[in-house]
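These notes concern the structure reproduced below.
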Amino acid sequence: MEVRQDVVDILSGFALFADLSTPELESVVQNFGEVWFSQGERVIRQGLTGTGFYVIADGTATISVNGVDRATLRPGDYFGEISCLLGEAPTADIVADRALRCLVLPTGSLEDFLIAHPRVMYRLLQGEARKLRTTTRWLS
């Protein structure tokens with residue numbers, strides 16, 4: 001399978017993948033597909049089955065919980081991991097603010113991917129801790 005060098009270059013600049021060497025990034029790229037969403041298109045729907053783990057390559061999206069916009073996601077941000085890991089419906093809508101390019105890992109592949117890439121798993125865990133802190137602030 002051909003390595004998508006542009007995607008390797010994009011991932012190399014993201015904190016989630018910062019600890020990986022170029023050969024490791026090339027391997028990672030083989031695991032992810034690419035999807036595009038139009039402005040205003042809903043990527044994930046709150047309360048419905050999640051479809052995967054997404055990493056934003058280009059564009060922005062809004063996190064909306066019960067119709068209230070909570071945050072903006074930018075390149076390097078990711079979403080869908082909680083639904084994938086827990087097997088539960090998403091707790092928020094993710095809506096493309098403008099054209100959105102995402103790398104996606106199917107739901108059933110996330111666990112094996114993280115086990116195979118422990119440094120990515122650690123970075124993901126750090127990100128979850130930050131999200132928990134932010135959520136706690138939203139509820140305060």
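Order determines the names: the first chain of the structure tokens is A, the second B, and so forth; residues in each chain are numbered 1 upward, and ligands are numbered 1 upward as they are shown.
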Contact check, range 50-118 of chain A to range 124-137 of chain A, at most 12 Å, counting only C-alpha atoms, closest pairs as a Markdown table:
```
| residue | atom | partner | partner_atom | distance |
| --- | --- | --- | --- | --- |
| A:Phe53 | CA | A:Leu124 | CA | 11.4 |
| A:Val55 | CA | A:Leu124 | CA | 11.4 |
| A:Ile63 | CA | A:Thr135 | CA | 11.9 |
| A:Val65 | CA | A:Thr135 | CA | 11.0 |
| A:Arg70 | CA | A:Thr135 | CA | 9.2 |
| A:Ala71 | CA | A:Thr134 | CA | 9.8 |
| A:Gly76 | CA | A:Gly127 | CA | 11.4 |
| A:Asp77 | CA | A:Gly127 | CA | 9.3 |
| A:Tyr78 | CA | A:Leu124 | CA | 9.2 |
| A:Phe79 | CA | A:Glu128 | CA | 10.2 |
| A:Gly80 | CA | A:Glu128 | CA | 11.5 |
| A:Glu81 | CA | A:Leu124 | CA | 8.9 |
| A:Ile82 | CA | A:Glu128 | CA | 8.9 |
| A:Leu85 | CA | A:Leu124 | CA | 11.7 |
| A:Thr91 | CA | A:Thr135 | CA | 11.8 |
| A:Leu110 | CA | A:Leu124 | CA | 11.4 |
| A:Glu111 | CA | A:Leu124 | CA | 11.9 |
| A:Phe113 | CA | A:Leu124 | CA | 11.9 |
| A:Leu114 | CA | A:Leu124 | CA | 8.9 |
| A:Ile115 | CA | A:Leu124 | CA | 11.8 |
| A:His117 | CA | A:Leu124 | CA | 10.7 |
| A:Pro118 | CA | A:Leu124 | CA | 9.5 |
```
Counting only C-alpha atoms, give me one row per residue of range 53-119 of chain A with an atom at most 8 Å from an atom of range 41-46 of chain A, showing the shortest contact pair and its distance in Å to one decimal, sorted by chain then residue number, as a tab-separated table.
```
residue	atom	partner	partner_atom	distance
A:Val65	CA	A:Gln46	CA	7.4
A:Asn66	CA	A:Gln46	CA	7.9
A:Gly80	CA	A:Ile44	CA	7.9
A:Ala89	CA	A:Gln46	CA	7.0
A:Pro90	CA	A:Gln46	CA	5.0
A:Thr91	CA	A:Gln46	CA	5.1
A:Ala92	CA	A:Gln46	CA	4.4
A:Asp93	CA	A:Arg45	CA	4.6
A:Ile94	CA	A:Ile44	CA	5.1
A:Val95	CA	A:Arg42	CA	4.3
A:Ala96	CA	A:Glu41	CA	5.5
```
request  = Select, from A:Ala61, A:Ala99, A:Thr49, A:Asp69, the residue with the minimum atom-to-atom distance to Cys84 in chain A, counting only C-alpha atoms.
outcome  = A:Thr49
DSSP on the backbone: what in chain A comes out alpha helix (DSSP H), as a CSV table (one decimal) with N, CA, C and O atoms, in the first residue's frame?
```csv
chain,number,residue,atom,x,y,z
A,5,GLN,N,2.4,10.5,1.8
A,5,GLN,CA,3.4,11.3,2.4
A,5,GLN,C,2.8,12.6,3.0
A,5,GLN,O,3.2,13.1,4.0
A,6,ASP,N,1.8,13.2,2.3
A,6,ASP,CA,1.2,14.4,2.8
A,6,ASP,C,0.5,14.2,4.2
A,6,ASP,O,0.6,15.0,5.1
A,7,VAL,N,-0.1,13.0,4.4
A,7,VAL,CA,-0.7,12.7,5.6
A,7,VAL,C,0.4,12.5,6.7
A,7,VAL,O,0.2,12.9,7.9
A,8,VAL,N,1.5,11.8,6.3
A,8,VAL,CA,2.6,11.6,7.3
A,8,VAL,C,3.1,13.0,7.7
A,8,VAL,O,3.3,13.2,8.9
A,9,ASP,N,3.3,13.9,6.8
A,9,ASP,CA,3.7,15.3,7.2
A,9,ASP,C,2.7,16.0,8.1
A,9,ASP,O,3.1,16.6,9.0
A,10,ILE,N,1.5,15.8,7.8
A,10,ILE,CA,0.4,16.4,8.7
A,10,ILE,C,0.5,15.8,10.1
A,10,ILE,O,0.6,16.6,11.1
A,11,LEU,N,0.5,14.5,10.2
A,11,LEU,CA,0.5,13.9,11.5
A,11,LEU,C,1.8,14.2,12.3
A,11,LEU,O,1.7,14.3,13.5
A,12,SER,N,2.9,14.4,11.6
A,12,SER,CA,4.2,14.7,12.3
A,12,SER,C,4.1,16.0,13.1
A,12,SER,O,4.8,16.2,14.1
A,22,THR,N,9.5,8.9,11.9
A,22,THR,CA,8.9,8.9,10.5
A,22,THR,C,8.5,7.5,10.1
A,22,THR,O,7.3,7.3,9.6
A,23,PRO,N,9.3,6.4,10.3
A,23,PRO,CA,8.8,5.1,9.9
A,23,PRO,C,7.5,4.7,10.7
A,23,PRO,O,6.6,4.0,10.1
A,24,GLU,N,7.5,5.1,12.0
A,24,GLU,CA,6.2,4.8,12.8
A,24,GLU,C,5.1,5.5,12.2
A,24,GLU,O,3.9,5.0,12.1
A,25,LEU,N,5.3,6.8,11.9
A,25,LEU,CA,4.2,7.6,11.3
A,25,LEU,C,3.7,7.0,10.0
A,25,LEU,O,2.5,7.0,9.7
A,26,GLU,N,4.6,6.5,9.2
A,26,GLU,CA,4.2,5.9,7.9
A,26,GLU,C,3.4,4.7,8.2
A,26,GLU,O,2.4,4.4,7.4
A,27,SER,N,3.7,3.9,9.2
A,27,SER,CA,2.9,2.8,9.6
A,27,SER,C,1.5,3.2,10.1
A,27,SER,O,0.5,2.6,9.7
A,28,VAL,N,1.5,4.2,10.9
A,28,VAL,CA,0.2,4.7,11.4
A,28,VAL,C,-0.7,5.1,10.3
A,28,VAL,O,-1.9,4.8,10.3
A,29,VAL,N,-0.2,5.8,9.3
A,29,VAL,CA,-1.0,6.3,8.1
A,29,VAL,C,-1.7,5.1,7.4
A,29,VAL,O,-2.8,5.3,7.0
A,30,GLN,N,-1.1,4.0,7.4
A,30,GLN,CA,-1.7,2.8,6.8
A,30,GLN,C,-3.0,2.3,7.5
A,30,GLN,O,-3.8,1.7,7.0
A,31,ASN,N,-3.1,2.7,8.8
A,31,ASN,CA,-4.3,2.3,9.6
A,31,ASN,C,-5.5,3.2,9.4
A,31,ASN,O,-6.6,2.8,9.7
A,81,GLU,N,-13.2,9.1,20.4
A,81,GLU,CA,-12.5,8.1,21.1
A,81,GLU,C,-13.2,7.5,22.3
A,81,GLU,O,-13.2,6.3,22.6
A,82,ILE,N,-14.0,8.3,23.0
A,82,ILE,CA,-14.8,7.9,24.1
A,82,ILE,C,-15.8,6.8,23.7
A,82,ILE,O,-16.0,5.8,24.3
A,83,SER,N,-16.6,7.2,22.6
A,83,SER,CA,-17.6,6.2,22.1
A,83,SER,C,-16.9,4.9,21.7
A,83,SER,O,-17.4,3.8,22.0
A,84,CYS,N,-15.7,5.0,21.0
A,84,CYS,CA,-15.0,3.8,20.6
A,84,CYS,C,-14.6,3.0,21.8
A,84,CYS,O,-14.7,1.7,21.8
A,85,LEU,N,-14.0,3.6,22.8
A,85,LEU,CA,-13.4,2.9,23.9
A,85,LEU,C,-14.5,2.3,24.8
A,85,LEU,O,-14.3,1.2,25.4
A,86,LEU,N,-15.6,3.0,25.0
A,86,LEU,CA,-16.6,2.5,25.9
A,86,LEU,C,-17.8,1.8,25.2
A,86,LEU,O,-18.6,1.2,25.9
A,110,LEU,N,-9.6,0.8,17.2
A,110,LEU,CA,-8.9,1.8,18.1
A,110,LEU,C,-8.1,1.0,19.2
A,110,LEU,O,-6.9,1.4,19.5
A,111,GLU,N,-8.7,0.1,19.9
A,111,GLU,CA,-8.0,-0.6,21.0
A,111,GLU,C,-6.7,-1.2,20.5
A,111,GLU,O,-5.6,-1.0,21.1
A,112,ASP,N,-6.7,-2.0,19.4
A,112,ASP,CA,-5.5,-2.6,18.9
A,112,ASP,C,-4.5,-1.6,18.5
A,112,ASP,O,-3.3,-1.7,18.7
A,113,PHE,N,-4.9,-0.5,17.9
A,113,PHE,CA,-4.0,0.6,17.4
A,113,PHE,C,-3.3,1.2,18.6
A,113,PHE,O,-2.1,1.4,18.6
A,114,LEU,N,-4.1,1.5,19.7
A,114,LEU,CA,-3.4,2.1,20.9
A,114,LEU,C,-2.5,1.1,21.6
A,114,LEU,O,-1.4,1.5,22.1
A,115,ILE,N,-2.8,-0.1,21.7
A,115,ILE,CA,-1.9,-1.1,22.3
A,115,ILE,C,-0.6,-1.2,21.4
A,115,ILE,O,0.5,-1.3,22.0
A,116,ALA,N,-0.7,-1.1,20.1
A,116,ALA,CA,0.4,-1.2,19.3
A,116,ALA,C,1.3,0.1,19.3
A,116,ALA,O,2.5,0.1,18.9
A,118,PRO,N,1.9,2.6,22.2
A,118,PRO,CA,1.8,3.0,23.6
A,118,PRO,C,2.0,4.5,23.8
A,118,PRO,O,1.4,5.2,24.7
A,119,ARG,N,2.9,5.1,23.0
A,119,ARG,CA,3.2,6.6,23.2
A,119,ARG,C,2.0,7.4,22.7
A,119,ARG,O,1.7,8.4,23.3
A,120,VAL,N,1.3,6.9,21.7
A,120,VAL,CA,0.1,7.6,21.3
A,120,VAL,C,-1.0,7.4,22.3
A,120,VAL,O,-1.7,8.3,22.7
A,121,MET,N,-1.0,6.2,22.9
A,121,MET,CA,-2.0,5.9,24.0
A,121,MET,C,-1.8,6.9,25.2
A,121,MET,O,-2.7,7.4,25.7
A,122,TYR,N,-0.5,7.1,25.5
A,122,TYR,CA,-0.2,8.0,26.6
A,122,TYR,C,-0.6,9.4,26.3
A,122,TYR,O,-1.2,10.1,27.1
A,123,ARG,N,-0.4,9.9,25.1
A,123,ARG,CA,-0.8,11.2,24.6
A,123,ARG,C,-2.3,11.4,24.6
A,123,ARG,O,-2.8,12.4,25.0
A,124,LEU,N,-3.0,10.3,24.2
A,124,LEU,CA,-4.4,10.3,24.3
A,124,LEU,C,-4.9,10.4,25.7
A,124,LEU,O,-5.9,11.1,26.0
A,125,LEU,N,-4.3,9.7,26.6
A,125,LEU,CA,-4.7,9.7,28.0
A,125,LEU,C,-4.5,11.2,28.6
A,125,LEU,O,-5.3,11.7,29.3
A,126,GLN,N,-3.4,11.8,28.2
A,126,GLN,CA,-3.2,13.2,28.6
A,126,GLN,C,-4.3,14.1,28.1
A,126,GLN,O,-4.8,15.0,28.8
A,127,GLY,N,-4.7,13.9,26.8
A,127,GLY,CA,-5.8,14.6,26.2
A,127,GLY,C,-7.1,14.4,26.9
A,127,GLY,O,-7.9,15.4,27.1
A,128,GLU,N,-7.3,13.2,27.3
A,128,GLU,CA,-8.6,12.9,28.1
A,128,GLU,C,-8.6,13.6,29.4
A,128,GLU,O,-9.6,14.1,29.9
A,129,ALA,N,-7.4,13.7,30.0
A,129,ALA,CA,-7.4,14.4,31.3
A,129,ALA,C,-7.7,15.9,31.1
A,129,ALA,O,-8.4,16.5,31.9
A,130,ARG,N,-7.2,16.5,30.0
A,130,ARG,CA,-7.5,17.9,29.7
A,130,ARG,C,-8.9,18.1,29.5
A,130,ARG,O,-9.6,19.0,29.9
A,131,LYS,N,-9.5,17.1,28.7
A,131,LYS,CA,-11.0,17.2,28.4
A,131,LYS,C,-11.8,17.1,29.7
A,131,LYS,O,-12.8,17.8,29.9
A,132,LEU,N,-11.4,16.2,30.6
A,132,LEU,CA,-12.1,16.1,31.8
A,132,LEU,C,-12.0,17.4,32.6
A,132,LEU,O,-13.0,17.9,33.2
A,133,ARG,N,-10.9,18.0,32.7
A,133,ARG,CA,-10.7,19.3,33.4
A,133,ARG,C,-11.6,20.3,32.8
A,133,ARG,O,-12.3,21.1,33.5
A,134,THR,N,-11.7,20.4,31.4
A,134,THR,CA,-12.5,21.4,30.8
A,134,THR,C,-14.0,21.1,31.0
A,134,THR,O,-14.7,22.1,31.3
A,135,THR,N,-14.4,19.9,31.0
A,135,THR,CA,-15.8,19.5,31.3
A,135,THR,C,-16.2,19.9,32.7
A,135,THR,O,-17.3,20.4,32.9
A,136,THR,N,-15.3,19.7,33.6
A,136,THR,CA,-15.5,20.0,35.0
A,136,THR,C,-15.8,21.5,35.1
A,136,THR,O,-16.6,22.0,35.8
A,137,ARG,N,-15.0,22.3,34.3
A,137,ARG,CA,-15.2,23.8,34.3
A,137,ARG,C,-16.6,24.1,33.7
A,137,ARG,O,-17.2,25.1,34.2
A,138,TRP,N,-17.0,23.4,32.7
A,138,TRP,CA,-18.3,23.7,32.1
A,138,TRP,C,-19.4,23.5,33.1
A,138,TRP,O,-20.4,24.2,33.1
A,139,LEU,N,-19.3,22.5,33.9
A,139,LEU,CA,-20.3,22.1,34.9
A,139,LEU,C,-20.3,23.0,36.1
A,139,LEU,O,-21.2,22.9,36.9
```
task = Name all residues at most 9 Å from Val104 in chain A (count only C-alpha atoms; drop same-chain ones fewer than 5 positions away) and give them as a PyMOL selection string.
result = chain A and resi 31-35+51-56
ask   = In chain A, what's strand (DSSP E or B) per DSSP? Answer as number ranges by chain?
value = A: 33-37, 42-44, 52-58, 61-65, 68-73, 78-79, 93-96, 100-106
message = I need the residue nearest Leu100 in chain A from this list: A:Gly47, A:Pro75, A:Gly67, A:Gly13. Use only C-alpha atoms for the distance.
response = A:Pro75
key: Two-atom distance - CA of Gly59 in chain A, CA of Pro106 in chain A (Å)   = 20.6 Å
